[in-house]
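J.: For reference, the file protein17.tsv (TSV, C-alpha atoms) is included below:
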chain	number	residue	atom	x	y	z
A	80	MET	CA	20.26	-13.75	1.50
A	81	ARG	CA	17.51	-14.10	-1.09
A	82	ASN	CA	17.85	-17.88	-1.11
A	83	GLU	CA	17.57	-17.94	2.69
A	84	LYS	CA	14.35	-15.90	2.60
A	85	GLU	CA	12.92	-18.15	-0.09
A	86	THR	CA	13.85	-21.28	1.84
A	87	LYS	CA	12.29	-19.97	5.04
A	88	ALA	CA	9.15	-18.94	3.16
A	89	LYS	CA	8.85	-22.42	1.65
A	90	LEU	CA	9.23	-24.03	5.06
A	91	LEU	CA	6.57	-21.76	6.57
A	92	ALA	CA	4.14	-22.46	3.73
A	93	SER	CA	4.79	-26.20	3.91
A	94	GLY	CA	4.51	-26.13	7.71
A	95	LYS	CA	1.18	-24.33	7.61
A	96	LYS	CA	-0.21	-26.88	5.18
A	97	GLU	CA	1.02	-29.81	7.29
A	98	PHE	CA	-0.27	-28.35	10.57
A	99	LEU	CA	-3.68	-27.52	9.09
A	100	GLU	CA	-4.05	-31.02	7.66
A	101	LYS	CA	-2.69	-33.09	10.54
A	102	GLY	CA	-2.51	-30.85	13.60
A	103	TYR	CA	0.62	-30.06	15.58
A	104	MET	CA	0.86	-33.43	17.30
A	105	HIS	CA	0.81	-35.53	14.14
A	106	ALA	CA	2.67	-33.14	11.84
A	107	SER	CA	5.94	-34.50	10.47
A	108	LEU	CA	9.05	-32.38	10.06
A	109	ARG	CA	10.23	-34.84	7.44
A	110	ASN	CA	7.07	-34.25	5.39
A	111	ILE	CA	7.36	-30.49	5.86
A	112	CYS	CA	10.92	-30.49	4.56
A	113	GLN	CA	10.13	-32.86	1.71
A	114	ASN	CA	7.17	-30.78	0.56
A	115	ALA	CA	9.26	-27.63	0.82
A	116	GLY	CA	12.01	-29.24	-1.24
A	117	VAL	CA	14.69	-28.70	1.39
A	118	THR	CA	16.75	-30.86	3.74
A	119	THR	CA	16.01	-31.34	7.43
A	120	GLY	CA	19.23	-29.50	8.15
A	121	ALA	CA	17.86	-26.45	6.35
A	122	LEU	CA	14.84	-26.44	8.68
A	123	TYR	CA	17.05	-26.47	11.77
A	124	PHE	CA	18.97	-23.53	10.38
A	125	PHE	CA	15.82	-21.41	10.80
A	126	PHE	CA	13.85	-23.16	13.55
A	127	GLN	CA	14.86	-24.93	16.75
A	128	ASP	CA	12.18	-27.61	16.50
A	129	LYS	CA	8.60	-28.30	15.41
A	130	GLU	CA	7.13	-26.05	18.07
A	131	ASP	CA	9.39	-23.18	17.01
A	132	LEU	CA	8.10	-23.55	13.45
A	133	PHE	CA	4.51	-23.63	14.69
A	134	ALA	CA	5.16	-20.54	16.82
A	135	ALA	CA	6.62	-18.69	13.84
A	136	LEU	CA	3.24	-19.08	12.15
A	137	VAL	CA	0.86	-18.28	15.02
A	138	GLU	CA	2.69	-16.28	17.72
A	139	GLU	CA	2.36	-12.79	16.24
A	140	PRO	CA	-1.35	-13.07	15.28
A	141	LEU	CA	-2.09	-14.44	18.74
A	142	GLN	CA	-0.20	-11.70	20.58
A	143	GLN	CA	-1.87	-9.04	18.45
A	144	LEU	CA	-5.29	-10.41	19.36
A	145	TYR	CA	-4.35	-10.21	23.04
A	146	ARG	CA	-3.45	-6.56	22.44
A	147	VAL	CA	-6.78	-5.87	20.72
A	148	MET	CA	-8.65	-7.41	23.66
A	149	ASP	CA	-6.58	-5.49	26.20
A	150	GLN	CA	-7.20	-2.21	24.38
A	151	HIS	CA	-10.96	-2.78	24.33
A	152	TYR	CA	-11.11	-3.85	27.97
A	153	SER	CA	-9.02	-0.87	29.08
A	154	GLN	CA	-11.31	1.50	27.20
A	155	GLU	CA	-14.41	-0.18	28.62
A	156	LEU	CA	-13.10	0.05	32.17
A	157	LEU	CA	-12.34	3.74	31.67
A	158	GLN	CA	-15.91	4.32	30.49
A	159	VAL	CA	-17.30	2.54	33.54
A	160	ASP	CA	-15.09	4.63	35.83
A	161	GLU	CA	-16.39	7.76	34.14
A	162	GLY	CA	-19.97	6.72	34.83
A	163	GLN	CA	-20.76	5.31	31.42
A	164	GLY	CA	-21.84	1.75	30.71
A	165	ALA	CA	-24.82	1.70	33.06
A	166	GLU	CA	-27.22	2.03	30.15
A	167	ALA	CA	-27.67	-0.41	27.29
A	168	ASP	CA	-25.47	1.31	24.70
A	169	ILE	CA	-23.78	-1.54	22.89
A	170	SER	CA	-22.17	0.38	20.02
A	171	ASP	CA	-18.66	0.12	21.47
A	172	ASP	CA	-19.09	-3.60	22.15
A	173	LEU	CA	-20.29	-4.19	18.61
A	174	GLU	CA	-17.36	-2.25	17.19
A	175	ALA	CA	-14.90	-4.24	19.33
A	176	CYS	CA	-16.44	-7.53	18.20
A	177	TYR	CA	-16.26	-6.45	14.55
A	178	GLN	CA	-12.59	-5.55	15.03
A	179	ILE	CA	-11.83	-8.93	16.59
A	180	ILE	CA	-13.73	-10.79	13.87
A	181	HIS	CA	-11.96	-8.85	11.13
A	182	TYR	CA	-8.58	-9.66	12.63
A	183	MET	CA	-9.37	-13.34	13.17
A	184	TYR	CA	-10.60	-13.75	9.60
A	185	GLN	CA	-7.62	-11.83	8.27
A	186	TYR	CA	-5.52	-14.60	9.83
A	187	TYR	CA	-8.10	-17.34	9.43
A	188	ASP	CA	-5.66	-20.22	8.92
A	189	GLU	CA	-3.45	-19.15	11.80
A	190	PHE	CA	-6.36	-19.01	14.25
A	191	GLN	CA	-7.67	-22.34	12.99
A	192	MET	CA	-4.25	-23.72	13.88
A	193	ILE	CA	-4.32	-22.11	17.33
A	194	LEU	CA	-7.87	-23.11	18.19
A	195	THR	CA	-8.16	-26.56	16.63
A	196	LYS	CA	-4.70	-27.82	15.65
A	197	SER	CA	-2.42	-26.88	18.55
A	198	GLN	CA	-2.83	-29.90	20.84
A	199	GLY	CA	0.58	-31.00	22.11
A	200	SER	CA	2.13	-27.54	21.76
A	201	ARG	CA	2.41	-24.72	24.24
A	202	PHE	CA	-0.48	-23.03	22.44
A	203	GLU	CA	-3.09	-25.69	23.20
A	204	HIS	CA	-4.51	-23.82	26.20
A	205	CYS	CA	-4.95	-20.47	24.45
A	206	ILE	CA	-8.73	-20.59	24.84
A	207	ASP	CA	-8.30	-20.87	28.60
A	208	ARG	CA	-6.02	-17.84	28.49
A	209	PHE	CA	-8.65	-15.81	26.60
A	210	VAL	CA	-11.25	-16.84	29.17
A	211	GLU	CA	-8.93	-15.89	32.04
A	212	ILE	CA	-8.34	-12.41	30.60
A	213	SER	CA	-12.06	-11.85	30.05
A	214	GLU	CA	-13.01	-13.23	33.44
A	215	LYS	CA	-10.68	-10.86	35.29
A	216	HIS	CA	-12.08	-7.92	33.34
A	217	TYR	CA	-15.72	-8.89	33.85
A	218	ARG	CA	-15.09	-9.34	37.57
A	219	VAL	CA	-13.86	-5.75	37.93
A	220	VAL	CA	-16.60	-4.26	35.74
A	221	ALA	CA	-19.37	-6.27	37.39
A	222	ASP	CA	-18.25	-5.17	40.85
A	223	LYS	CA	-18.28	-1.53	39.84
A	224	MET	CA	-21.69	-1.79	38.18
A	225	SER	CA	-23.20	-3.76	41.08
A	226	LYS	CA	-22.07	-1.11	43.52
A	227	ARG	CA	-23.42	1.69	41.37
A	228	ALA	CA	-26.77	-0.04	40.84
A	229	ASP	CA	-26.94	-1.08	44.52
A	230	VAL	CA	-27.57	-4.73	43.68
A	231	PRO	CA	-25.92	-7.89	45.09
A	232	ARG	CA	-22.44	-8.75	43.86
A	233	MET	CA	-22.45	-11.18	40.95
A	234	ASP	CA	-20.95	-14.50	42.02
A	235	ASP	CA	-17.75	-15.90	40.54
A	236	TYR	CA	-19.55	-18.79	38.83
A	237	MET	CA	-21.62	-16.41	36.71
A	238	ILE	CA	-18.57	-14.30	35.84
A	239	HIS	CA	-16.64	-17.37	34.71
A	240	TRP	CA	-19.60	-18.72	32.75
A	241	MET	CA	-20.15	-15.44	30.89
A	242	ALA	CA	-16.45	-15.10	30.08
A	243	HIS	CA	-16.36	-18.65	28.74
A	244	MET	CA	-19.54	-18.14	26.73
A	245	MET	CA	-18.17	-15.00	25.07
A	246	ILE	CA	-14.93	-16.68	24.01
A	247	ASP	CA	-16.80	-19.80	22.87
A	248	ILE	CA	-18.90	-17.64	20.56
A	249	PHE	CA	-15.83	-16.48	18.65
A	250	VAL	CA	-14.44	-20.01	18.50
A	251	HIS	CA	-17.76	-21.37	17.23
A	252	MET	CA	-18.03	-18.57	14.66
A	253	LEU	CA	-14.56	-19.23	13.28
A	254	ASN	CA	-15.26	-22.96	13.05
A	255	HIS	CA	-18.70	-22.75	11.47
A	256	GLU	CA	-18.86	-19.51	9.46
A	257	ARG	CA	-16.29	-19.28	6.68
A	258	SER	CA	-17.00	-15.71	5.60
A	259	GLU	CA	-16.18	-12.60	7.61
A	260	GLU	CA	-19.33	-10.92	6.33
A	261	GLY	CA	-21.48	-13.76	7.61
A	262	ALA	CA	-19.74	-13.70	11.00
A	263	ILE	CA	-20.34	-9.96	11.36
A	264	GLU	CA	-24.01	-10.34	10.46
A	265	HIS	CA	-24.48	-13.08	13.07
A	266	MET	CA	-22.54	-11.14	15.69
A	267	GLN	CA	-24.91	-8.16	15.50
A	268	TYR	CA	-27.70	-10.29	16.97
A	269	ILE	CA	-25.47	-12.24	19.34
A	270	VAL	CA	-24.05	-9.12	20.98
A	271	ARG	CA	-27.52	-7.60	21.41
A	272	PHE	CA	-28.69	-10.82	23.04
A	273	LEU	CA	-25.67	-11.04	25.35
A	274	MET	CA	-25.69	-7.40	26.38
A	275	ALA	CA	-29.40	-7.47	27.19
A	276	GLY	CA	-28.63	-10.29	29.63
A	277	TRP	CA	-25.60	-8.47	31.02
A	278	PHE	CA	-27.47	-5.24	31.78
A	279	GLY	CA	-30.38	-7.28	33.11
A	280	MET	CA	-28.09	-8.65	35.83
A	281	PHE	CA	-27.82	-5.18	37.35
A	282	GLU	CA	-31.54	-4.42	37.53
A	283	LYS	CA	-33.14	-4.37	40.95
A	284	LYS	CA	-35.64	-7.14	41.50
Just dump the structure as structure tokens.
T.:
Amino acid sequence: MRNEKETKAKLLASGKKEFLEKGYMHASLRNICQNAGVTTGALYFFFQDKEDLFAALVEEPLQQLYRVMDQHYSQELLQVDEGQGAEADISDDLEACYQIIHYMYQYYDEFQMILTKSQGSRFEHCIDRFVEISEKHYRVVADKMSKRADVPRMDDYMIHWMAHMMIDIFVHMLNHERSEEGAIEHMQYIVRFLMAGWFGMFEKK
């Protein structure tokens, strides 16, 4: 049992290194096994194929991030339903962004693999999935806030653009800021900028 755990751990470590260096599409199972010091047969004992190995590295961090987003969006929608969120109080949004940043930097390599190294795998459209989740949430919140403020309904183009911009910010941060502390410092200003624009959309002209 111990040898099996050690072998699997070696394969995961070797796989992460290979995927980070070459990306999913160009990663070689032969190289992964050779660098792990095991046979190809040993790899297939633990994983069905290359994508299964990739998934073993990134699936859980990705699903947990979906859960973090869902929790924040559910809480935000509840606040809007209770009559909150009409004023520019961004403390909850800042806290949610800090939580997401902390989690992404805790699994920095895994999210680098998801965001920049997953082409050719089933994970390559994860950014689109994040945008889709955010877009659906923003659509509901914007409709509620527009009705409350008695202003015209925000069009779908703007909702999609804002959802994409928000996700792109996290992707850009992870790709260009190596330290979590630096990312949090930048995000303080970014969120203030974004939320000022968001609340401005519901002001009567």
J.: I'd like to know which of A:Leu156, A:Val147, A:Leu90, A:Ile263 is closest to Phe124 of chain A, using all atoms listed in the file.
T.: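 Checking each of A:Leu156, A:Val147, A:Leu90, A:Ile263 against Phe124 of chain A, counting all atoms listed in the file, the winner is A:Leu90.
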J.: Between atom CA of Leu173 of chain A and atom CA of Gln191 of chain A, what distance in Å does the model show, to one decimal?
T.: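 These atoms are spaced 22.8 Å apart.
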J.: Please, which residues are within 12 Å of (7.2, -26.1, 15.0) by the file's coordinates, counting all atoms listed in the file, and could they come as a ChimeraX atom specification?
T.: /A:90-91,93-95,97-98,102-109,111-112,122-123,125-138,192,197,199-202
J.: Rounded to one decimal in Å, what is the spacing between atom CA of Ala92 of chain A and atom CA of Gln198 of chain A?
T.: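 Computed distance, atom CA of Ala92 of chain A to atom CA of Gln198 of chain A, equals 19.9 Å.
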J.: Write out as an MDAnalysis selection string which residues come within 8 Å of segment 208-221 of chain A when counting all atoms listed in the file, dropping same-chain ones fewer than 5 positions away.
T.: chainID A and resid 145 152 156 159 232:233 235 238:239 241:243 246
J.: Can you sort out the box for segment 273-279 of chain A, edges along x, y and z, all listed atoms in, 6 Å on every side, with centre and edge lengths in Å to one decimal, as JSON?
T.:
{"center_x": -28.0, "center_y": -8.1, "center_z": 29.2, "size_x": 16.8, "size_y": 17.8, "size_z": 19.8}
J.: Is it possible to get the residues within 7 Å of (16.4, -25.0, 4.3) (coordinates as in the file, counting all atoms listed in the file) written as a list in words?
T.: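 These residues have at least one counted atom within 7 Å: Thr86, Lys87, Val117, Thr118, Gly120, Ala121, Leu122 and Phe124 of chain A.
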J.: Taking into account all atoms listed in the file, which residue in the set A:Asn114, A:Ile248, A:Met237, A:Asp160 is nearest to His265 of chain A?
T.: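 The closest residue to His265 of chain A is A:Ile248.
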J.: Of the residues A:Asp234, A:Glu174, A:Asp229, A:Glu85, which is the one nearest to Val270 of chain A, using only C-alpha atoms?
T.: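 Once distances to Val270 of chain A are computed over only C-alpha atoms, the minimum belongs to A:Glu174.
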J.: Take atom CA of Phe278 of chain A and atom CA of Ala262 of chain A and report the distance between them in Å, one decimal.
T.: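 Value for the atom CA of Phe278 of chain A-atom CA of Ala262 of chain A distance: 23.7 Å.
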J.: Counting all atoms listed in the file, which of A:Ser170, A:Gln142, A:Thr195, A:Gln158 gets nearest to Tyr182 of chain A?
T.: A:Gln142
J.: Compare A:Lys226, A:Arg146, A:Lys101, A:Lys84 by their minimum atom-to-atom distance to Gly162 of chain A, counting all atoms listed in the file, and give me the closest one.
T.: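 Nearest candidate to Gly162 of chain A out of A:Lys226, A:Arg146, A:Lys101, A:Lys84: A:Lys226.
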J.: Looking at A:His204, A:His181, A:Lys196, A:Arg227, which one is nearest to Gly261 of chain A, with distances taken over only C-alpha atoms?
T.: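 Under the stated criterion, the closest residue is A:His181.
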